>>> print(open('upload00.cif').read())   # mmCIF, C-alpha atoms and all ligand atoms
data_final
loop_
_atom_site.group_PDB
_atom_site.id
_atom_site.type_symbol
_atom_site.label_atom_id
_atom_site.label_comp_id
_atom_site.auth_asym_id
_atom_site.auth_seq_id
_atom_site.Cartn_x
_atom_site.Cartn_y
_atom_site.Cartn_z
ATOM 1 C CA MET J 664 127.125 191.133 -9.468
ATOM 2 C CA ALA J 665 129.526 194.023 -9.076
ATOM 3 C CA GLU J 666 127.737 196.684 -11.079
ATOM 4 C CA THR J 667 124.286 197.427 -9.733
ATOM 5 C CA LYS J 668 123.832 200.889 -11.152
ATOM 6 C CA CYS J 669 123.614 202.140 -14.703
ATOM 7 C CA PRO J 670 126.644 204.337 -15.524
ATOM 8 C CA LYS J 671 124.592 206.304 -18.046
ATOM 9 C CA CYS J 672 121.400 207.263 -16.268
ATOM 10 C CA GLY J 673 122.058 206.041 -12.727
ATOM 11 C CA GLY J 674 119.107 203.656 -12.871
ATOM 12 C CA THR J 675 119.208 200.737 -10.479
ATOM 13 C CA GLU J 676 116.651 198.521 -12.215
ATOM 14 C CA LEU J 677 118.873 196.154 -14.129
ATOM 15 C CA GLY J 678 117.663 193.219 -16.158
ATOM 16 C CA LYS J 679 119.221 190.208 -17.781
ATOM 17 C CA GLY J 680 118.711 189.589 -21.461
ATOM 18 C CA LYS J 681 119.592 186.780 -23.767
ATOM 19 C CA GLN J 682 120.296 186.573 -27.469
ATOM 20 C CA SER J 683 119.903 183.292 -29.231
ATOM 21 C CA GLY J 684 119.049 181.768 -32.572
ATOM 22 C CA TYR J 685 120.434 183.686 -35.530
ATOM 23 C CA ALA J 686 122.035 186.266 -33.295
ATOM 24 C CA MET J 687 124.252 183.778 -31.554
ATOM 25 C CA MET J 688 127.983 184.165 -31.823
ATOM 26 C CA ALA J 689 129.856 181.305 -33.429
ATOM 27 C CA PRO J 690 133.559 180.478 -33.470
ATOM 28 C CA VAL J 691 135.287 181.833 -36.573
ATOM 29 C CA LYS J 692 137.186 178.736 -37.602
ATOM 30 C CA LYS J 693 134.868 175.950 -36.589
ATOM 31 C CA MET J 694 131.614 175.227 -38.312
ATOM 32 C CA SER J 695 129.909 174.341 -35.116
ATOM 33 C CA PHE J 696 127.143 175.742 -33.041
ATOM 34 C CA GLY J 697 128.163 178.814 -31.186
ATOM 35 C CA SER J 698 127.183 180.252 -27.907
ATOM 36 C CA ASN J 699 124.312 182.371 -26.793
ATOM 37 C CA ILE J 700 125.015 185.903 -25.699
ATOM 38 C CA GLU J 701 123.707 187.234 -22.426
ATOM 39 C CA TYR J 702 123.377 190.829 -21.383
ATOM 40 C CA ILE J 703 123.046 192.796 -18.233
ATOM 41 C CA LEU J 704 121.149 195.894 -19.215
ATOM 42 C CA CYS J 705 119.498 198.935 -17.738
ATOM 43 C CA THR J 706 115.729 198.691 -17.891
ATOM 44 C CA GLU J 707 115.464 202.473 -17.747
ATOM 45 C CA CYS J 708 117.487 203.595 -20.754
ATOM 46 C CA GLY J 709 118.466 200.302 -22.409
ATOM 47 C CA TYR J 710 122.192 200.732 -21.914
ATOM 48 C CA ILE J 711 124.050 197.401 -22.010
ATOM 49 C CA ILE J 712 126.346 197.209 -19.022
ATOM 50 C CA GLU J 713 127.756 193.749 -19.627
ATOM 51 C CA SER J 714 127.633 191.293 -22.472
ATOM 52 C CA TYR J 715 129.160 187.868 -22.550
ATOM 53 C CA VAL J 716 128.868 184.520 -24.250
ATOM 54 C CA THR J 717 127.469 181.723 -22.158
ATOM 55 C CA LYS J 718 129.985 179.129 -23.356
ATOM 56 C CA PRO J 719 133.368 180.864 -23.702
ATOM 57 C CA GLU J 720 135.256 177.555 -23.851
ATOM 58 C CA LYS J 721 133.912 177.070 -27.379
ATOM 59 C CA PHE J 722 136.157 179.891 -28.552
ATOM 60 C CA LYS J 723 139.433 178.482 -27.317
ATOM 61 C CA GLY J 724 142.019 178.195 -30.086
ATOM 62 C CA ASN J 725 139.949 180.335 -32.429
ATOM 63 C CA TYR J 726 142.146 183.401 -32.567
HETATM 64 ZN ZN ZN R 1 120.304 203.497 -17.698
#
>>> encode(input="upload00.cif", output="C-alpha cells")
Amino acid sequence: MAETKCPKCGGTELGKGKQSGYAMMAPVKKMSFGSNIEYILCTECGYIIESYVTKPEKFKGNY
C-alpha cells in the first residue's frame, strides 16, 4: 500500500471498508450482478483515501 497517511488529518490509522448489497456498483448496460466496492479510509476523520471495485473486469465494454 503506497499511501499510509491520511492527507487530510495526517492520521496513520487506516482501515479497510467494504460496501456490498444494495450499495454495490453494477455495470450500466448489463443486467448482471455488479461488484462490491472497497475503501481504504482514515479511522481518525473518516476520509476515504482510495475506493475501488473488487471486480473491475465486469465493467469492460460498458462505456
Ligand atoms: Zn484523517
>>> resolve_selection(input="upload00.cif", expression="the PyMOL selection byres (((chain J and resi 698) around 6) and not hetatm)", output="ChimeraX atom specification")
/J:687-688,697,699,716-718
>>> residues_near_ligand(input="upload00.cif", ligand="ligand ZN 1 (chain R)", cutoff="8 Å", atoms="all atoms listed in the file", output="list in words")
Lys668, Cys669, Pro670, Lys671, Cys672, Gly673, Gly674, Thr675, Leu704, Cys705, Thr706, Glu707, Cys708, Gly709 and Tyr710 of chain J
>>> closest_residue(input="upload00.cif", among="J:Ile712, J:Ala689, J:Glu701, J:Phe696", to="Leu677 of chain J", atoms="only C-alpha atoms")
J:Ile712
>>> closest_residue(input="upload00.cif", among="J:Pro719, J:Gly680, J:Pro690, J:Gly724", to="Ile703 of chain J", atoms="only C-alpha atoms")
J:Gly680
>>> atom_distance(input="upload00.cif", atom1="atom CA of Phe722 of chain J", atom2="atom CA of Lys679 of chain J")
22.6 Å
